[in-house]
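Chemist: Please read through the structure below; I'll follow up with questions.
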Amino acid sequence: MTNKRTPLAESDHQRIGQVQKSYQKMNDQLHRVIVGQQDIIDELLISLFSRGHCLIVGVPGLAKTLLISTLAKILDLDFSRIQFTPDLMPSDITGTEILEEDRTTGKKAFRFVRGPVFANIVLADEINRTPPKTQAALLQAMQEHEVSAAGGTHKLAEPFFVLATQNPIEQEGTYPLPEAQLDRFMFNLNINYPSHDEEMEIVRSTTGGLEPEMKPVLNAKDILDIQRLVRVVPVSDLVLGFAVALVRKTRPGPDAPDYIKDWISWGAGPRASQYLILGAKTRCILDGRSTPDMDDIRRVAVPVLRHRMITNFNAEADGITTPQIIRKLLDESGS
């Protein structure tokens, strides 16, 4: 069966070829600064072009901030970094009103001063170090692309992309993100230690005197056009059904596999199915193809589902992780 959606226009087919070339240029630029991390780079770009957001988990010193700031440079976008701390207030993120006096008339009036969330790419560094009230200030911005402050609503500039980081080894004094907020992130990305050869190259390149010059590849208008293109890419009912069936198998219930009933307390919701399809669409465009297949779903399944499945005590006792369960579901799903 095939989807009844309108096939791509000839101009969109040509645009896919242009996007693939831009993707190759972005990789070339990023790898002038970033060593390795190809999967992370791909997933960041997929999330951006899908209008999603990313949660990045990794120990200190793995160049998370460098990667994101370099990405902002080659995309010619406004970049803002917010260091989340226990004393950070919501107004420190969204902005605040200040009282100003007109020197000519002597009249006083309030003026809204925009906070750091008013940027195209926002790095929320160590987001779990700030209380829930401040975390929630980011929620509306991520979902609605607007901010409510000082009695008014302020639209954010497009594109708007939030990347939040968490440090997995220092949990004392942190405020874990609630499941409802975790679900706002399209991807949960784990950055691992580099290989021996990659670490050799990192040390060699960062202890010398040369700093590579970064050249913008895409601007805001280009990115908005790619985001539009992702939405019009057709998907077959076979691929759509594969994504929905995979998500439904993550939920404990009468039809779920026995190991899901044993290890999972809560499965993924419908937003996971949406992000699987959007991620697969974007991945196929970056690869120069005009429609996604099941392999595209498989390639984005772990970062989409990892933070949407809650394991129970049995899984912890058995030493089972969420990615292991996802890969088991994929292995049993066939091709």
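Residues in the structure tokens are numbered from 1 in each chain, the chains being A, B, ... in the order shown, and ligands are numbered from 1 in the order shown.
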Neighbouring residues of Tyr175 (chain A) were defined as those with any atom within 7 Å, considering only C-alpha atoms; residues of the same chain fewer than 4 positions away were excluded. Please report them as a ChimeraX atom specification.

Modeler: /A:128-132

Chemist: Could those selected residues go to a file with C-alpha atoms, as an mmCIF file, in the first residue's frame?

Modeler:
```cif
data_model
loop_
_atom_site.group_PDB
_atom_site.id
_atom_site.type_symbol
_atom_site.label_atom_id
_atom_site.label_comp_id
_atom_site.auth_asym_id
_atom_site.auth_seq_id
_atom_site.Cartn_x
_atom_site.Cartn_y
_atom_site.Cartn_z
ATOM 1 C CA ASN A 128 19.023 19.350 35.357
ATOM 2 C CA ARG A 129 20.885 21.684 37.737
ATOM 3 C CA THR A 130 18.022 24.174 37.941
ATOM 4 C CA PRO A 131 14.661 23.762 39.760
ATOM 5 C CA PRO A 132 11.527 22.609 37.879
#
```

Chemist: Please provide as a PDB file with N, CA and C atoms, in the first residue's frame all residues within 8 Å of Gln143 (chain A), with the sequence filter that same-chain residues fewer than 3 positions apart are discarded (counting only C-alpha atoms).

Modeler:
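out19.pdb written:
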```pdb
ATOM      1  N   LEU A 139       9.880  25.133  28.517  1.00  0.00           N
ATOM      2  CA  LEU A 139       8.881  24.236  27.923  1.00  0.00           C
ATOM      3  C   LEU A 139       8.043  24.922  26.854  1.00  0.00           C
ATOM      4  N   GLN A 140       7.457  26.062  27.193  1.00  0.00           N
ATOM      5  CA  GLN A 140       6.590  26.745  26.237  1.00  0.00           C
ATOM      6  C   GLN A 140       7.379  27.166  25.003  1.00  0.00           C
ATOM      7  N   ARG A 184       9.409  16.302  25.217  1.00  0.00           N
ATOM      8  CA  ARG A 184       9.498  17.433  24.295  1.00  0.00           C
ATOM      9  C   ARG A 184      10.733  17.334  23.402  1.00  0.00           C
TER      10      ARG A 184
END
```

Chemist: Write out as a Markdown table a residue-level contact list of region 24-81 of chain A versus region 282-301 of chain A with cut-off 12 Å: for each qualifying residue the closest pair of atoms and the distance in Å to one decimal, counting only C-alpha atoms, rows sorted by chain and residue number upward.

Modeler:
```
| residue | atom | partner | partner_atom | distance |
| --- | --- | --- | --- | --- |
| A:Gln24 | CA | A:Leu286 | CA | 8.7 |
| A:Lys25 | CA | A:Leu286 | CA | 11.6 |
| A:Met26 | CA | A:Leu286 | CA | 11.1 |
| A:Asn27 | CA | A:Leu286 | CA | 11.3 |
| A:Asp39 | CA | A:Arg299 | CA | 9.9 |
| A:Ile40 | CA | A:Val300 | CA | 11.3 |
| A:Asp42 | CA | A:Arg283 | CA | 8.3 |
| A:Glu43 | CA | A:Val300 | CA | 8.0 |
| A:Leu44 | CA | A:Arg283 | CA | 11.1 |
| A:Leu45 | CA | A:Thr282 | CA | 8.7 |
| A:Ile46 | CA | A:Thr282 | CA | 5.7 |
| A:Ser47 | CA | A:Thr282 | CA | 8.3 |
| A:Leu48 | CA | A:Thr282 | CA | 9.5 |
| A:Phe49 | CA | A:Thr282 | CA | 6.7 |
| A:Ser50 | CA | A:Thr282 | CA | 6.5 |
| A:Arg51 | CA | A:Thr282 | CA | 10.3 |
| A:Gly52 | CA | A:Thr282 | CA | 11.2 |
```

Chemist: For the selection just defined, write its residues with C-alpha atoms to a file, as an mmCIF file, in the first residue's frame.

Modeler:
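The resulting file, out-v8.cif, is shown below:
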```cif
data_model
loop_
_atom_site.group_PDB
_atom_site.id
_atom_site.type_symbol
_atom_site.label_atom_id
_atom_site.label_comp_id
_atom_site.auth_asym_id
_atom_site.auth_seq_id
_atom_site.Cartn_x
_atom_site.Cartn_y
_atom_site.Cartn_z
ATOM 1 C CA GLN A 24 28.350 17.177 2.693
ATOM 2 C CA LYS A 25 29.698 20.732 2.983
ATOM 3 C CA MET A 26 28.463 20.961 6.603
ATOM 4 C CA ASN A 27 30.256 17.727 7.429
ATOM 5 C CA ASP A 39 26.440 9.830 14.370
ATOM 6 C CA ILE A 40 25.935 12.711 16.819
ATOM 7 C CA ASP A 42 23.895 13.483 11.833
ATOM 8 C CA GLU A 43 21.344 13.274 14.621
ATOM 9 C CA LEU A 44 21.747 16.962 15.513
ATOM 10 C CA LEU A 45 21.120 17.956 11.894
ATOM 11 C CA ILE A 46 18.171 15.562 11.588
ATOM 12 C CA SER A 47 16.604 17.065 14.699
ATOM 13 C CA LEU A 48 17.151 20.640 13.483
ATOM 14 C CA PHE A 49 15.662 19.984 10.036
ATOM 15 C CA SER A 50 12.717 18.116 11.631
ATOM 16 C CA ARG A 51 11.926 21.114 13.898
ATOM 17 C CA GLY A 52 12.826 19.020 16.935
#
```

Chemist: Go through A:Met89, A:Cys54, A:Leu67, A:Ile74 one by one, measure the shortest atom-to-atom distance of each to Met142 (chain A) using only C-alpha atoms, and give the residue with the smallest value.

Modeler: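 Ranked by minimum distance to Met142 (chain A), first place goes to A:Cys54.
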
Chemist: Where does DSSP see strand (DSSP E or B) in region 172-294 of chain A, if you list the residues as a ChimeraX atom specification?

Modeler: /A:187-190,264-266

Chemist: Quick one: of A:Met186, A:Ile121, A:Ile127, A:Leu330, who's nearest to Thr165 (chain A), counting only C-alpha atoms?

Modeler: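 Nearest to Thr165 (chain A): A:Ile127.
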
Chemist: Run DSSP on the backbone and tell me which residues of region 64-309 of chain A come out as helix (DSSP H, G or I); list them as a PyMOL selection string.

Modeler: chain A and resi 64-74+90-94+127-129+132-144+179-182+196-206+220-232+237-248+258-263+270-286+294-305

Chemist: Taking only C-alpha atoms into account, which of A:Gly269, A:Pro60, A:Gly319, A:Gly253 comes nearest Val304 (chain A)?

Modeler: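 Checking each candidate against Val304 (chain A), we get A:Gly269 as the closest.
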
Chemist: If we count only C-alpha atoms, what is near Ala317 (chain A) at a cut-off of 10 Å, once residues fewer than 4 positions away on the same chain are taken out, given as a CSV table (one decimal) with C-alpha atoms, in the first residue's frame?

Modeler:
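That gives us result-v9.csv:
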```
chain,number,residue,atom,x,y,z
A,263,TRP,CA,11.1,-4.8,32.0
A,312,ASN,CA,11.3,-1.0,36.1
A,313,PHE,CA,13.2,-2.7,39.0
```

Chemist: Within 8 Å of Ser22 (chain A), counting only C-alpha atoms, which residues qualify if same-chain residues fewer than 4 places away don't, as a PDB file with N, CA and C atoms, in the first residue's frame?

Modeler:
```
ATOM      1  N   GLN A  18      20.221  19.429  -3.752  1.00  0.00           N
ATOM      2  CA  GLN A  18      20.945  20.575  -3.204  1.00  0.00           C
ATOM      3  C   GLN A  18      21.201  20.392  -1.704  1.00  0.00           C
ATOM      4  N   MET A  26      28.536  20.779   5.148  1.00  0.00           N
ATOM      5  CA  MET A  26      28.463  20.961   6.603  1.00  0.00           C
ATOM      6  C   MET A  26      29.372  19.971   7.308  1.00  0.00           C
ATOM      7  N   VAL A 217      27.367  27.642   5.723  1.00  0.00           N
ATOM      8  CA  VAL A 217      26.885  26.814   4.612  1.00  0.00           C
ATOM      9  C   VAL A 217      25.414  27.108   4.323  1.00  0.00           C
ATOM     10  N   LEU A 218      24.620  27.243   5.389  1.00  0.00           N
ATOM     11  CA  LEU A 218      23.190  27.523   5.246  1.00  0.00           C
ATOM     12  C   LEU A 218      22.818  28.708   6.132  1.00  0.00           C
TER      13      LEU A 218
END
```

Chemist: Please provide as a PyMOL selection string all residues within 7 Å of Trp266 (chain A), with the sequence filter that same-chain residues fewer than 3 positions apart are discarded (counting only C-alpha atoms).

Modeler: chain A and resi 251-252+309-310

Chemist: Since we have the selection now, will you write its residues out, keeping N, CA and C atoms, as a short mmCIF file (atom, residue, chain, number, x, y, z; two decimals), in the first residue's frame?

Modeler:
```cif
data_model
loop_
_atom_site.label_atom_id
_atom_site.label_comp_id
_atom_site.auth_asym_id
_atom_site.auth_seq_id
_atom_site.Cartn_x
_atom_site.Cartn_y
_atom_site.Cartn_z
N ARG A 251 4.87 -0.60 24.72
CA ARG A 251 3.91 -0.40 25.81
C ARG A 251 3.48 -1.72 26.41
N PRO A 252 3.64 -1.88 27.73
CA PRO A 252 3.18 -3.12 28.38
C PRO A 252 1.67 -3.30 28.19
N MET A 309 10.81 5.42 27.21
CA MET A 309 10.49 4.13 27.82
C MET A 309 11.06 4.10 29.23
N ILE A 310 10.22 3.78 30.19
CA ILE A 310 10.64 3.77 31.59
C ILE A 310 10.78 2.32 32.05
#
```

Chemist: To one decimal place, how far is CA of Thr96 (chain A) from CA of Ala164 (chain A) in Å?

Modeler: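 These atoms are spaced 22.3 Å apart.
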
Chemist: Find the spatial neighbours of Thr94 (chain A), counting only C-alpha atoms, within a cut-off of 7 Å - ignore same-chain residues fewer than 2 positions away - and output them as a list in words.

Modeler: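 Answer for this query is Pro90, Ser91, Asp92, Arg114, Gly115, Pro116, Val117 and Val147 of chain A.
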
Chemist: Can those selected residues be exported to a file as a CSV table (one decimal), in the first residue's frame so that it contains N, CA and C atoms?

Modeler:
```csv
chain,number,residue,atom,x,y,z
A,90,PRO,N,13.3,32.0,36.1
A,90,PRO,CA,12.6,31.9,34.8
A,90,PRO,C,12.9,33.2,34.0
A,91,SER,N,12.9,34.4,34.6
A,91,SER,CA,13.1,35.6,33.9
A,91,SER,C,14.5,35.7,33.3
A,92,ASP,N,15.4,35.0,33.9
A,92,ASP,CA,16.8,35.0,33.4
A,92,ASP,C,16.9,34.3,32.1
A,114,ARG,N,14.6,41.3,26.1
A,114,ARG,CA,14.6,39.8,25.8
A,114,ARG,C,15.7,39.1,26.5
A,115,GLY,N,15.4,37.9,26.9
A,115,GLY,CA,16.4,37.0,27.5
A,115,GLY,C,17.2,36.2,26.5
A,116,PRO,N,18.1,35.3,26.9
A,116,PRO,CA,18.9,34.5,26.0
A,116,PRO,C,18.1,33.5,25.2
A,117,VAL,N,16.9,33.2,25.6
A,117,VAL,CA,16.1,32.2,24.8
A,117,VAL,C,15.8,32.8,23.4
A,147,VAL,N,7.2,33.0,23.9
A,147,VAL,CA,7.4,33.2,25.3
A,147,VAL,C,6.3,34.1,25.9
```

Chemist: Suppose you want the space between CA of Val33 (chain A) and CA of Ile191 (chain A); what is it in Å?

Modeler: 16.3 Å

Chemist: Take CA of Glu198 (chain A) and CA of Lys73 (chain A) and report the distance between them in Å, one decimal.

Modeler: 22.9 Å

Chemist: Out of A:Leu329, A:Val230, A:Leu276, A:Leu305, which residue has the shortest atom-to-atom distance to Leu182 (chain A) when counting only C-alpha atoms?

Modeler: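 Among A:Leu329, A:Val230, A:Leu276, A:Leu305, it is A:Leu305 that comes nearest to Leu182 (chain A).
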
Chemist: Which one is closest to Val59 (chain A): A:Glu126, A:Ala72, A:Leu30, A:Asp12? Count only C-alpha atoms.

Modeler: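 Of A:Glu126, A:Ala72, A:Leu30, A:Asp12, the one nearest Val59 (chain A) is A:Glu126, counting only C-alpha atoms.
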
Chemist: Can you tell me which residues surround Glu211 (chain A) at a distance of at most 12 Å, considering only C-alpha atoms, apart from same-chain residues fewer than 6 positions away, and format the answer as JSON, numbers by chain?

Modeler: {"A": [32, 33, 34, 205]}
